[in-house]
file start-v7.cif (mmCIF, C-alpha atoms and all ligand atoms)
data_structure
#
loop_
_atom_site.label_atom_id
_atom_site.label_comp_id
_atom_site.auth_asym_id
_atom_site.auth_seq_id
_atom_site.Cartn_x
_atom_site.Cartn_y
_atom_site.Cartn_z
CA MET A 168 -6.17 25.88 -11.34
CA LYS A 169 -2.67 24.68 -12.12
CA THR A 170 -2.16 21.62 -14.33
CA ILE A 171 -0.67 18.61 -12.54
CA LEU A 172 1.94 17.33 -14.96
CA PHE A 173 2.21 13.88 -13.33
CA ASN A 174 -1.45 13.27 -14.23
CA LEU A 175 -0.84 13.84 -17.95
CA ASN A 176 0.07 10.96 -20.25
CA ASP A 177 3.08 11.32 -22.55
CA SER A 178 1.25 12.83 -25.51
CA GLU A 179 -0.72 15.22 -23.26
CA LEU A 180 2.54 16.34 -21.64
CA GLU A 181 4.12 16.92 -25.06
CA GLN A 182 1.14 18.96 -26.16
CA PHE A 183 1.25 21.00 -22.93
CA ILE A 184 4.93 21.75 -23.42
CA GLN A 185 4.52 22.64 -27.10
CA GLU A 186 1.70 25.03 -26.19
CA LEU A 187 4.26 26.82 -24.01
CA GLY A 188 6.36 27.26 -27.16
CA GLN A 189 8.90 24.62 -26.14
CA PRO A 190 10.39 21.74 -28.17
CA ARG A 191 8.98 18.24 -27.59
CA PHE A 192 12.14 16.81 -26.02
CA ARG A 193 11.52 19.01 -22.97
CA ALA A 194 8.51 16.81 -22.18
CA LYS A 195 10.78 13.77 -21.90
CA GLN A 196 13.16 15.62 -19.58
CA ILE A 197 10.26 16.70 -17.38
CA ARG A 198 8.84 13.15 -17.32
CA GLU A 199 12.15 11.83 -15.99
CA TRP A 200 12.08 14.34 -13.14
CA LEU A 201 8.45 13.55 -12.37
CA ASN A 202 9.18 9.83 -12.24
CA ARG A 203 11.86 10.51 -9.66
CA GLY A 204 9.45 12.47 -7.50
CA ALA A 205 10.75 16.03 -8.01
CA PRO A 206 8.54 18.12 -5.71
CA ASP A 207 8.90 21.33 -7.74
CA PHE A 208 10.44 22.71 -10.91
CA SER A 209 13.45 24.34 -9.26
CA HIS A 210 15.16 20.92 -9.17
CA MET A 211 14.87 20.41 -12.94
CA LYS A 212 18.30 21.85 -13.62
CA ASN A 213 18.47 20.69 -17.24
CA LEU A 214 15.53 22.99 -18.12
CA PRO A 215 16.18 26.66 -18.94
CA GLU A 216 15.43 28.96 -16.04
CA ASP A 217 12.69 30.88 -17.86
CA LEU A 218 10.87 27.59 -18.57
CA ARG A 219 11.16 26.57 -14.92
CA ASN A 220 9.69 29.93 -13.91
CA LYS A 221 6.87 29.61 -16.45
CA LEU A 222 6.06 26.06 -15.30
CA ASN A 223 5.99 27.27 -11.74
CA GLU A 224 3.23 29.72 -12.67
CA VAL A 225 1.00 27.32 -14.59
CA ALA A 226 1.70 23.80 -13.32
CA GLU A 227 2.43 21.50 -10.37
CA THR A 228 4.66 18.44 -10.51
CA LEU A 229 2.89 15.76 -8.40
CA PRO A 230 -0.77 15.41 -7.36
CA LEU A 231 0.23 16.01 -3.74
CA LYS A 232 2.65 18.12 -1.77
CA ILE A 233 4.38 17.85 1.56
CA VAL A 234 2.75 19.89 4.33
CA LYS A 235 4.84 18.53 7.18
CA LYS A 236 7.76 16.16 7.46
CA LEU A 237 8.75 14.62 10.78
CA GLU A 238 11.91 12.63 11.43
CA SER A 239 12.08 10.10 14.27
CA SER A 240 14.88 10.54 16.80
CA ASP A 241 16.70 7.47 15.42
CA ASN A 242 16.46 8.90 11.86
CA GLN A 243 15.00 5.64 10.62
CA THR A 244 11.42 6.76 10.15
CA THR A 245 10.15 9.78 8.22
CA LYS A 246 6.50 10.66 8.39
CA PHE A 247 4.89 12.90 5.79
CA LEU A 248 1.66 14.81 6.04
CA LEU A 249 0.64 15.31 2.42
CA GLU A 250 -1.96 17.57 0.90
CA LEU A 251 -3.88 16.46 -2.17
CA ASN A 252 -4.97 18.82 -4.87
CA ASP A 253 -8.44 19.36 -3.38
CA GLY A 254 -7.01 20.19 0.06
CA GLU A 255 -7.59 16.75 1.65
CA GLN A 256 -4.71 15.49 3.72
CA ILE A 257 -3.21 12.03 4.06
CA GLU A 258 -0.22 10.44 5.75
CA CYS A 259 2.61 8.39 4.38
CA VAL A 260 5.54 6.89 6.29
CA LEU A 261 8.99 5.90 5.06
CA MET A 262 10.69 3.27 7.23
CA ARG A 263 14.37 2.53 6.70
CA THR A 264 14.97 -1.02 7.89
CA THR A 265 17.74 -3.57 7.71
CA TYR A 266 15.84 -5.40 4.95
CA GLY A 267 15.12 -2.31 2.81
CA ASN A 268 13.09 0.86 2.53
CA SER A 269 9.44 0.36 3.22
CA VAL A 270 6.65 2.85 2.52
CA CYS A 271 3.35 2.77 4.34
CA VAL A 272 0.81 4.10 1.82
CA SER A 273 -2.65 5.59 2.45
CA SER A 274 -5.47 4.38 0.20
CA GLN A 275 -8.22 6.80 1.22
CA ALA A 276 -8.51 10.31 2.66
CA GLY A 277 -10.02 9.39 6.02
CA CYS A 278 -11.79 6.13 6.69
CA ALA A 279 -15.41 5.04 7.14
CA MET A 280 -14.68 1.89 9.10
CA GLY A 281 -14.95 3.41 12.58
CA CYS A 282 -12.46 1.17 14.43
CA ARG A 283 -12.60 2.40 17.98
CA PHE A 284 -8.84 2.47 18.62
CA CYS A 285 -7.92 4.36 15.44
CA ALA A 286 -7.35 8.08 14.81
CA SER A 287 -7.77 7.85 11.02
CA THR A 288 -11.51 7.35 11.18
CA LEU A 289 -12.31 10.19 13.59
CA LEU A 290 -12.98 12.67 10.77
CA GLY A 291 -14.87 10.12 8.63
CA LEU A 292 -14.19 9.17 5.03
CA LYS A 293 -13.55 12.03 2.63
CA ARG A 294 -12.82 10.10 -0.56
CA ASN A 295 -10.90 7.31 -2.27
CA LEU A 296 -7.41 8.04 -3.54
CA THR A 297 -6.62 7.68 -7.23
CA VAL A 298 -3.90 5.39 -8.61
CA ASN A 299 -1.71 8.45 -9.21
CA GLU A 300 -2.19 9.74 -5.66
CA MET A 301 -1.07 6.40 -4.22
CA PHE A 302 1.84 6.09 -6.62
CA ALA A 303 2.95 9.66 -5.87
CA GLN A 304 3.37 8.69 -2.19
CA LEU A 305 6.10 6.26 -3.30
CA LEU A 306 7.73 9.04 -5.29
CA VAL A 307 7.75 11.35 -2.26
CA ALA A 308 9.58 8.62 -0.35
CA GLN A 309 11.84 7.91 -3.30
CA TRP A 310 12.82 11.58 -3.52
CA GLU A 311 13.51 11.59 0.21
CA LEU A 312 15.87 8.67 -0.27
CA ARG A 313 17.62 9.76 -3.46
CA GLY A 314 16.77 13.37 -4.15
CA ASP A 315 18.17 14.52 -7.47
CA ARG A 316 21.02 11.99 -7.44
CA LEU A 317 20.70 9.98 -10.59
CA ASP A 318 23.16 7.18 -10.38
CA LYS A 319 22.31 4.37 -7.99
CA LYS A 320 26.00 3.52 -7.68
CA ASP A 321 26.57 6.92 -6.09
CA ILE A 322 24.03 6.18 -3.45
CA HIS A 323 24.62 2.78 -1.99
CA PRO A 324 28.10 1.63 -2.94
CA ASN A 325 28.08 -0.73 0.04
CA GLY A 326 24.59 -1.98 -0.61
CA ASP A 327 23.38 0.15 2.28
CA ALA A 328 19.66 -0.36 2.44
CA ASN A 329 19.24 2.91 4.26
CA ASN A 330 19.82 4.65 0.98
CA GLY A 331 18.79 3.53 -2.45
CA ASP A 332 15.24 2.88 -3.53
CA VAL A 333 11.88 2.07 -2.11
CA SER A 334 11.86 -1.72 -1.88
CA HIS A 335 8.72 -2.60 0.11
CA ILE A 336 5.14 -1.33 0.19
CA VAL A 337 2.59 -1.75 2.95
CA VAL A 338 -0.88 -0.46 2.15
CA MET A 339 -1.62 0.15 5.79
CA GLY A 340 -1.89 3.94 6.10
CA THR A 341 -5.11 5.92 6.31
CA GLY A 342 -8.15 4.19 4.84
CA GLU A 343 -9.44 0.69 4.14
CA PRO A 344 -7.73 -0.46 0.91
CA LEU A 345 -10.46 -2.96 0.06
CA GLN A 346 -13.02 -0.17 -0.08
CA ASN A 347 -10.93 1.13 -2.96
CA THR A 348 -9.84 -2.19 -4.42
CA GLU A 349 -9.76 -1.30 -8.10
CA ASN A 350 -7.43 1.67 -7.59
CA VAL A 351 -5.27 -0.23 -5.09
CA ILE A 352 -4.79 -3.02 -7.64
CA GLY A 353 -4.01 -0.45 -10.37
CA PHE A 354 -1.47 1.20 -8.07
CA LEU A 355 0.24 -2.07 -7.16
CA GLU A 356 0.41 -3.19 -10.80
CA ARG A 357 2.18 0.08 -11.55
CA ALA A 358 4.54 -0.16 -8.57
CA ASN A 359 5.49 -3.66 -9.68
CA GLY A 360 5.81 -2.74 -13.36
CA GLU A 361 7.49 0.66 -13.11
CA LEU A 362 9.47 0.51 -9.87
CA ASN A 363 10.16 -3.21 -10.03
CA ILE A 364 8.87 -3.85 -6.51
CA SER A 365 8.31 -7.58 -6.27
CA TRP A 366 4.90 -8.92 -5.28
CA ARG A 367 6.41 -10.60 -2.25
CA ARG A 368 7.50 -7.26 -0.89
CA ILE A 369 4.00 -5.83 -1.01
CA THR A 370 1.48 -6.14 1.84
CA VAL A 371 -2.17 -5.10 1.81
CA SER A 372 -3.86 -4.80 5.17
CA THR A 373 -7.62 -4.98 5.64
CA CYS A 374 -10.00 -4.81 8.56
CA GLY A 375 -11.84 -7.73 6.96
CA ILE A 376 -13.80 -6.80 3.82
CA VAL A 377 -14.56 -10.34 2.64
CA PRO A 378 -15.55 -9.55 -1.01
CA GLY A 379 -12.36 -7.48 -1.31
CA ILE A 380 -10.21 -10.36 -0.01
CA ASN A 381 -11.88 -12.65 -2.56
CA GLU A 382 -11.19 -10.10 -5.27
CA LEU A 383 -7.50 -9.97 -4.33
CA ASN A 384 -7.47 -13.76 -4.48
CA LYS A 385 -8.95 -13.68 -7.98
CA TRP A 386 -6.46 -10.99 -9.06
CA GLY A 387 -3.83 -13.68 -8.50
CA ARG A 388 -0.71 -11.74 -7.49
CA PRO A 389 1.32 -13.37 -4.66
CA ILE A 390 1.33 -10.36 -2.34
CA ASN A 391 1.10 -10.58 1.45
CA LEU A 392 -2.24 -10.15 3.11
CA ALA A 393 -2.61 -8.74 6.62
CA ILE A 394 -5.84 -8.94 8.61
CA SER A 395 -6.49 -6.43 11.37
CA LEU A 396 -8.08 -8.87 13.79
CA HIS A 397 -7.65 -7.26 17.22
CA ALA A 398 -10.10 -9.57 19.03
CA PRO A 399 -10.63 -13.33 19.15
CA THR A 400 -14.44 -13.40 19.50
CA ASP A 401 -17.25 -11.84 17.48
CA GLU A 402 -18.66 -10.25 20.60
CA LEU A 403 -15.48 -8.38 21.49
CA ARG A 404 -14.52 -7.62 17.89
CA SER A 405 -17.92 -6.07 17.16
CA GLN A 406 -17.39 -3.72 20.11
CA ILE A 407 -14.22 -2.25 18.66
CA MET A 408 -14.60 -2.87 14.91
CA PRO A 409 -18.06 -2.13 13.47
CA ILE A 410 -17.16 -4.01 10.26
CA ASN A 411 -17.49 -7.21 12.30
CA ASN A 412 -21.26 -6.71 12.31
CA LYS A 413 -21.15 -7.21 8.55
CA TYR A 414 -18.40 -9.80 8.11
CA LYS A 415 -17.97 -12.15 11.05
CA LEU A 416 -14.63 -13.35 12.33
CA HIS A 417 -14.87 -16.83 10.78
CA GLU A 418 -15.93 -15.51 7.37
CA VAL A 419 -12.98 -13.09 7.37
CA LEU A 420 -10.48 -15.73 8.44
CA ASP A 421 -11.82 -18.32 5.96
CA ALA A 422 -11.38 -15.84 3.08
CA ALA A 423 -7.90 -14.89 4.36
CA PHE A 424 -6.77 -18.53 4.81
CA ALA A 425 -8.01 -19.25 1.27
CA PHE A 426 -5.88 -16.35 0.01
CA SER A 427 -2.77 -17.52 1.83
CA ASP A 428 -3.28 -21.13 0.67
CA THR A 429 -3.74 -20.08 -2.97
CA HIS A 430 -0.59 -17.98 -2.98
CA ASN A 431 1.39 -20.03 -0.51
CA ARG A 432 2.00 -16.93 1.59
CA GLN A 433 2.11 -16.60 5.34
CA LEU A 434 -0.95 -14.70 6.54
CA MET A 435 -0.25 -11.67 8.75
CA ILE A 436 -2.56 -11.17 11.70
CA GLU A 437 -2.46 -7.72 13.28
CA TYR A 438 -3.49 -7.61 16.93
CA ILE A 439 -3.37 -4.36 18.91
CA LEU A 440 -3.08 -5.08 22.62
CA LEU A 441 -5.45 -2.75 24.44
CA GLY A 442 -5.95 -1.86 28.07
CA LYS A 443 -8.78 0.06 29.73
CA LYS A 444 -8.96 2.18 32.84
CA ASP A 445 -11.29 0.79 35.51
CA GLU A 446 -13.29 2.94 37.95
CA ASN A 447 -10.22 3.23 40.24
CA GLY A 448 -8.09 4.51 37.39
CA ASP A 449 -6.12 1.25 37.18
CA THR A 450 -5.30 -0.28 33.82
CA VAL A 451 -7.06 -3.57 33.13
CA LEU A 452 -6.71 -5.87 30.13
CA TYR A 453 -9.27 -5.27 27.38
CA ASN A 454 -8.49 -7.79 24.63
CA ALA A 455 -5.30 -9.18 26.14
CA THR A 456 -6.23 -11.69 28.85
CA ASN A 457 -4.91 -15.26 28.91
CA GLU A 458 -8.33 -16.40 27.77
CA HIS A 459 -8.20 -14.08 24.76
CA ALA A 460 -4.77 -15.46 23.84
CA GLU A 461 -6.10 -19.03 24.09
CA LYS A 462 -9.10 -18.19 21.91
CA LEU A 463 -6.76 -16.63 19.36
CA VAL A 464 -4.72 -19.85 19.34
CA GLU A 465 -7.90 -21.84 18.59
CA LEU A 466 -8.67 -19.61 15.62
CA LEU A 467 -5.21 -19.76 14.10
CA ARG A 468 -3.89 -23.23 14.99
CA ASP A 469 -2.73 -25.29 11.98
CA HIS A 470 -2.59 -22.26 9.68
CA ASN A 471 0.46 -20.56 8.21
CA VAL A 472 0.23 -17.28 10.12
CA MET A 473 2.42 -14.65 11.76
CA VAL A 474 0.79 -12.69 14.55
CA ASN A 475 2.05 -9.13 14.91
CA LEU A 476 1.27 -7.97 18.43
CA ILE A 477 1.11 -4.20 18.54
CA PRO A 478 1.25 -2.49 21.94
CA TRP A 479 -1.29 0.31 21.69
CA ASN A 480 0.04 3.78 20.88
CA SER A 481 -2.18 6.21 22.72
CA VAL A 482 -4.61 8.47 20.83
CA ASP A 483 -6.05 11.30 22.93
CA GLU A 484 -9.62 10.89 21.70
CA ARG A 485 -9.69 7.16 22.40
CA ASP A 486 -10.28 5.86 25.90
CA PHE A 487 -7.96 2.87 25.80
CA ALA A 488 -4.79 2.52 27.86
CA SER A 489 -1.35 1.18 27.05
CA LEU A 490 -0.34 -2.13 28.63
CA SER A 491 2.83 -2.96 30.52
CA GLY A 492 5.60 -4.89 28.81
CA ASN A 493 4.82 -7.84 31.10
CA ALA A 494 1.23 -8.05 29.93
CA VAL A 495 2.35 -7.94 26.32
CA HIS A 496 4.92 -10.70 26.84
CA ARG A 497 2.48 -12.89 28.77
CA PHE A 498 0.09 -12.75 25.82
CA GLN A 499 2.89 -13.51 23.39
CA ASP A 500 4.13 -16.47 25.47
CA ILE A 501 0.77 -18.21 25.26
CA LEU A 502 0.75 -17.92 21.48
CA ILE A 503 4.33 -19.10 21.13
CA LYS A 504 3.83 -22.06 23.49
CA ASN A 505 1.00 -23.15 21.24
CA GLY A 506 3.13 -23.02 18.12
CA ILE A 507 1.83 -19.72 16.70
CA HIS A 508 4.54 -17.57 15.13
CA THR A 509 4.38 -14.26 16.93
CA ARG A 510 6.37 -11.09 17.16
CA ILE A 511 5.91 -7.84 19.00
CA ARG A 512 5.83 -4.91 16.64
CA ARG A 513 6.88 -1.73 18.33
CA GLU A 514 5.35 1.24 16.53
CA ARG A 515 8.21 2.72 14.60
CA GLY A 516 8.61 6.45 15.09
CA ALA A 517 6.26 6.59 18.09
CA ASP A 518 7.95 9.91 18.97
CA ILE A 519 6.54 11.42 15.75
CA GLY A 520 3.03 10.06 16.15
CA SER A 521 3.44 7.43 13.48
CA ALA A 522 0.33 5.50 14.53
CA CYS A 523 -2.18 5.69 11.73
CA GLY A 524 -3.94 9.05 11.43
CA GLN A 525 -2.44 10.89 14.39
CA LEU A 526 -0.59 13.54 12.43
CA ARG A 527 -3.50 14.23 10.08
CA LEU A 528 -5.87 14.54 13.02
CA LYS A 529 -3.56 16.87 14.91
CA ASN A 530 -3.17 19.11 11.88
CA ALA A 531 -6.93 19.27 11.32
CA ARG A 532 -7.42 20.22 14.98
CA ASP A 533 -4.68 22.87 14.84
CA LYS A 534 -6.33 24.44 11.78
CA LYS A 535 -9.59 25.00 13.66
S1 LIG B 601 -7.81 0.74 11.59
FE1 LIG B 601 -7.79 0.92 9.35
S2 LIG B 601 -9.88 0.28 8.76
FE2 LIG B 601 -9.97 0.73 10.95
S3 LIG B 601 -10.63 2.88 11.04
FE3 LIG B 601 -8.36 2.87 11.07
S4 LIG B 601 -7.76 3.16 8.94
FE4 LIG B 601 -9.91 2.51 8.96
#
call {"tool": "encode", "arguments": {"input": "start-v7.cif", "output": "structure tokens"}}
result
Amino acid sequence: MKTILFNLNDSELEQFIQELGQPRFRAKQIREWLNRGAPDFSHMKNLPEDLRNKLNEVAETLPLKIVKKLESSDNQTTKFLLELNDGEQIECVLMRTTYGNSVCVSSQAGCAMGCRFCASTLLGLKRNLTVNEMFAQLLVAQWELRGDRLDKKDIHPNGDANNGDVSHIVVMGTGEPLQNTENVIGFLERANGELNISWRRITVSTCGIVPGINELNKWGRPINLAISLHAPTDELRSQIMPINNKYKLHEVLDAAFAFSDTHNRQLMIEYILLGKKDENGDTVLYNATNEHAEKLVELLRDHNVMVNLIPWNSVDERDFASLSGNAVHRFQDILIKNGIHTRIRRERGADIGSACGQLRLKNARDKK
């Protein structure tokens, strides 16, 4: 098995390089390339060619490699299907926005949570990701943005946010981050310390693991917390999110409000608007009636929240239906009229299946 150089600490890397009969300073050169996300040794132009060839035989750069890369038609979203060293696959998405470059990071290979509208959970949970595997997703995105160009000034002379560095992280890809809290915290500490990504530009999204939310609160960093709520009553939420049988709606929201109060951060509420087909094949509202909107208002009134309404992006294996724009706006209007900050979040890169887990699932099916 090849050695993954990114997983070695500095003295281990030096030792590895010296065992190849190379001087120690080569280790420093390699480390710089690794920290910029070089996907293979051919890019490491300041190393002699015979060393690059040797490294190619005995080592890998990062603990993951790109299997597929899809670009949205507007060129603003790049989705990566990545393979980990043990063959597990995860997804990672780079979104170029007007406010910066945001990376949606996976925290687990697969997911055990079983949310009924989600593709990521259909193959179950394989395992937690390590700190390095999460950090390497940022480096893949960073390399996509900057490649082997060293000088930032060469890249965004006009302050163009579409180039430059990763500036925002959302831990919202495959997996439930608060089932892997220790590694997620380790990863975020590193992203903040090494890539200088400010806490306020980091968002962790959970389906509602109450002890994990409390742990984040105790950790004390002023990140953003997002709760995948998706239903305004326990009865409905338990139907689509099995975790609600363990942690009820009010428990989840109380822990989340406590987090946002402690850190003085606006709480994000994620709400996927779902339809269903009735027996005549017509689409009916599933969690998106006026009554549901009013119940949601009752839950959130007087709290500092932003509701992200997400029109459902269809997943073949799931029997929900997309709603019309009118239905989505009607729901939004009720929230806004009641003073709840709300926006409609169109899935970025819908043309490349950027909804969580779709690409990974498709690849697993194609392999069969
Ligand atoms: S929505 Fe999130 S928590 Fe739920 S199954 Fe999908 S990845 Fe897991």
call {"tool": "residues_around", "arguments": {"input": "start-v7.cif", "residues": "A:His459", "least_positions_apart": "6", "cutoff": "12 Å", "atoms": "all atoms listed in the file", "output": "number ranges by chain"}}
result
A: 397-404, 438, 440-441, 452-453, 465-466, 497-499, 501-502
call {"tool": "write_last_selection", "arguments": {"input": "start-v7.cif", "atoms": "C-alpha atoms", "output": "PDB file, in the frame of the given file"}}
result
ATOM      1  CA  HIS A 397      -7.650  -7.260  17.220  1.00  0.00           C
ATOM      2  CA  ALA A 398     -10.100  -9.570  19.030  1.00  0.00           C
ATOM      3  CA  PRO A 399     -10.630 -13.330  19.150  1.00  0.00           C
ATOM      4  CA  THR A 400     -14.440 -13.400  19.500  1.00  0.00           C
ATOM      5  CA  ASP A 401     -17.250 -11.840  17.480  1.00  0.00           C
ATOM      6  CA  GLU A 402     -18.660 -10.250  20.600  1.00  0.00           C
ATOM      7  CA  LEU A 403     -15.480  -8.380  21.490  1.00  0.00           C
ATOM      8  CA  ARG A 404     -14.520  -7.620  17.890  1.00  0.00           C
ATOM      9  CA  TYR A 438      -3.490  -7.610  16.930  1.00  0.00           C
ATOM     10  CA  LEU A 440      -3.080  -5.080  22.620  1.00  0.00           C
ATOM     11  CA  LEU A 441      -5.450  -2.750  24.440  1.00  0.00           C
ATOM     12  CA  LEU A 452      -6.710  -5.870  30.130  1.00  0.00           C
ATOM     13  CA  TYR A 453      -9.270  -5.270  27.380  1.00  0.00           C
ATOM     14  CA  GLU A 465      -7.900 -21.840  18.590  1.00  0.00           C
ATOM     15  CA  LEU A 466      -8.670 -19.610  15.620  1.00  0.00           C
ATOM     16  CA  ARG A 497       2.480 -12.890  28.770  1.00  0.00           C
ATOM     17  CA  PHE A 498       0.090 -12.750  25.820  1.00  0.00           C
ATOM     18  CA  GLN A 499       2.890 -13.510  23.390  1.00  0.00           C
ATOM     19  CA  ILE A 501       0.770 -18.210  25.260  1.00  0.00           C
ATOM     20  CA  LEU A 502       0.750 -17.920  21.480  1.00  0.00           C
TER      21      LEU A 502
END
call {"tool": "residues_around", "arguments": {"input": "start-v7.cif", "residues": "A:Leu175", "least_positions_apart": "2", "cutoff": "12 Å", "atoms": "only C-alpha atoms", "output": "PyMOL selection string"}}
result
chain A and resi 170-173+177-184+194+197-198+201+226-230+299
call {"tool": "closest_atom_pairs", "arguments": {"input": "start-v7.cif", "of": "chain A", "to": "ligand LIG 601 (chain B)", "cutoff": "8 Å", "atoms": "all atoms listed in the file", "output": "Markdown table"}}
result
| residue | atom | partner | partner_atom | distance |
| --- | --- | --- | --- | --- |
| A:Gly277 | CA | B:LIG601 | S4 | 7.2 |
| A:Cys278 | CA | B:LIG601 | FE4 | 4.7 |
| A:Ala279 | CA | B:LIG601 | FE4 | 6.3 |
| A:Met280 | CA | B:LIG601 | S3 | 4.6 |
| A:Gly281 | CA | B:LIG601 | S3 | 4.6 |
| A:Cys282 | CA | B:LIG601 | S3 | 4.2 |
| A:Arg283 | CA | B:LIG601 | S3 | 7.2 |
| A:Phe284 | CA | B:LIG601 | S1 | 7.3 |
| A:Cys285 | CA | B:LIG601 | FE3 | 4.6 |
| A:Ala286 | CA | B:LIG601 | FE3 | 6.5 |
| A:Ser287 | CA | B:LIG601 | FE3 | 5.0 |
| A:Thr288 | CA | B:LIG601 | S3 | 4.6 |
| A:Leu289 | CA | B:LIG601 | S3 | 7.9 |
| A:Met339 | CA | B:LIG601 | FE1 | 7.2 |
| A:Gly340 | CA | B:LIG601 | S4 | 6.6 |
| A:Thr341 | CA | B:LIG601 | S4 | 4.6 |
| A:Gly342 | CA | B:LIG601 | S4 | 4.2 |
| A:Glu343 | CA | B:LIG601 | S2 | 4.7 |
| A:Thr373 | CA | B:LIG601 | S2 | 6.5 |
| A:Cys374 | CA | B:LIG601 | S2 | 5.1 |
| A:Ser395 | CA | B:LIG601 | S1 | 7.3 |
| A:Met408 | CA | B:LIG601 | FE2 | 7.1 |
| A:Cys523 | CA | B:LIG601 | S4 | 6.7 |
| A:Gly524 | CA | B:LIG601 | S4 | 7.4 |
call {"tool": "closest_residue", "arguments": {"input": "start-v7.cif", "among": "A:Ala393, A:Ala488, A:Phe426, A:Asn213", "to": "A:Gly448", "atoms": "all atoms listed in the file"}}
result
A:Ala488
call {"tool": "closest_residue", "arguments": {"input": "start-v7.cif", "among": "A:Ser269, A:Thr264, A:Gln256, A:Asn202", "to": "A:Phe302", "atoms": "all atoms listed in the file"}}
result
A:Asn202
call {"tool": "residues_around", "arguments": {"input": "start-v7.cif", "residues": "A:Gly379", "least_positions_apart": "6", "cutoff": "9 Å", "atoms": "all atoms listed in the file", "output": "CSV table (one decimal) with C-alpha atoms, in the coordinates of the input"}}
result
chain,number,residue,atom,x,y,z
A,344,PRO,CA,-7.7,-0.5,0.9
A,345,LEU,CA,-10.5,-3.0,0.1
A,346,GLN,CA,-13.0,-0.2,-0.1
A,347,ASN,CA,-10.9,1.1,-3.0
A,348,THR,CA,-9.8,-2.2,-4.4
A,373,THR,CA,-7.6,-5.0,5.6
call {"tool": "atom_distance", "arguments": {"input": "start-v7.cif", "atom1": "atom CA of A:Val472", "atom2": "atom CA of A:Gly387"}}
result
19.4 Å
call {"tool": "closest_residue", "arguments": {"input": "start-v7.cif", "among": "A:Cys271, A:Ala423, A:Leu396, A:Ile257", "to": "A:Ile477", "atoms": "all atoms listed in the file"}}
result
A:Leu396
call {"tool": "atom_distance", "arguments": {"input": "start-v7.cif", "atom1": "atom CA of A:His430", "atom2": "atom CA of A:Val270"}}
result
22.7 Å
call {"tool": "atom_distance", "arguments": {"input": "start-v7.cif", "atom1": "atom CA of A:Met301", "atom2": "atom CA of A:Val351"}}
result
7.9 Å
call {"tool": "closest_residue", "arguments": {"input": "start-v7.cif", "among": "A:Asn268, A:Asn457, A:Asn384, A:Ser491", "to": "A:His335", "atoms": "all atoms listed in the file"}}
result
A:Asn268
call {"tool": "residues_near_point", "arguments": {"input": "start-v7.cif", "point": "(0.2, -7.1, -0.6)", "cutoff": "6 Å", "atoms": "all atoms listed in the file", "output": "ChimeraX atom specification"}}
result
/A:369-371,390-392
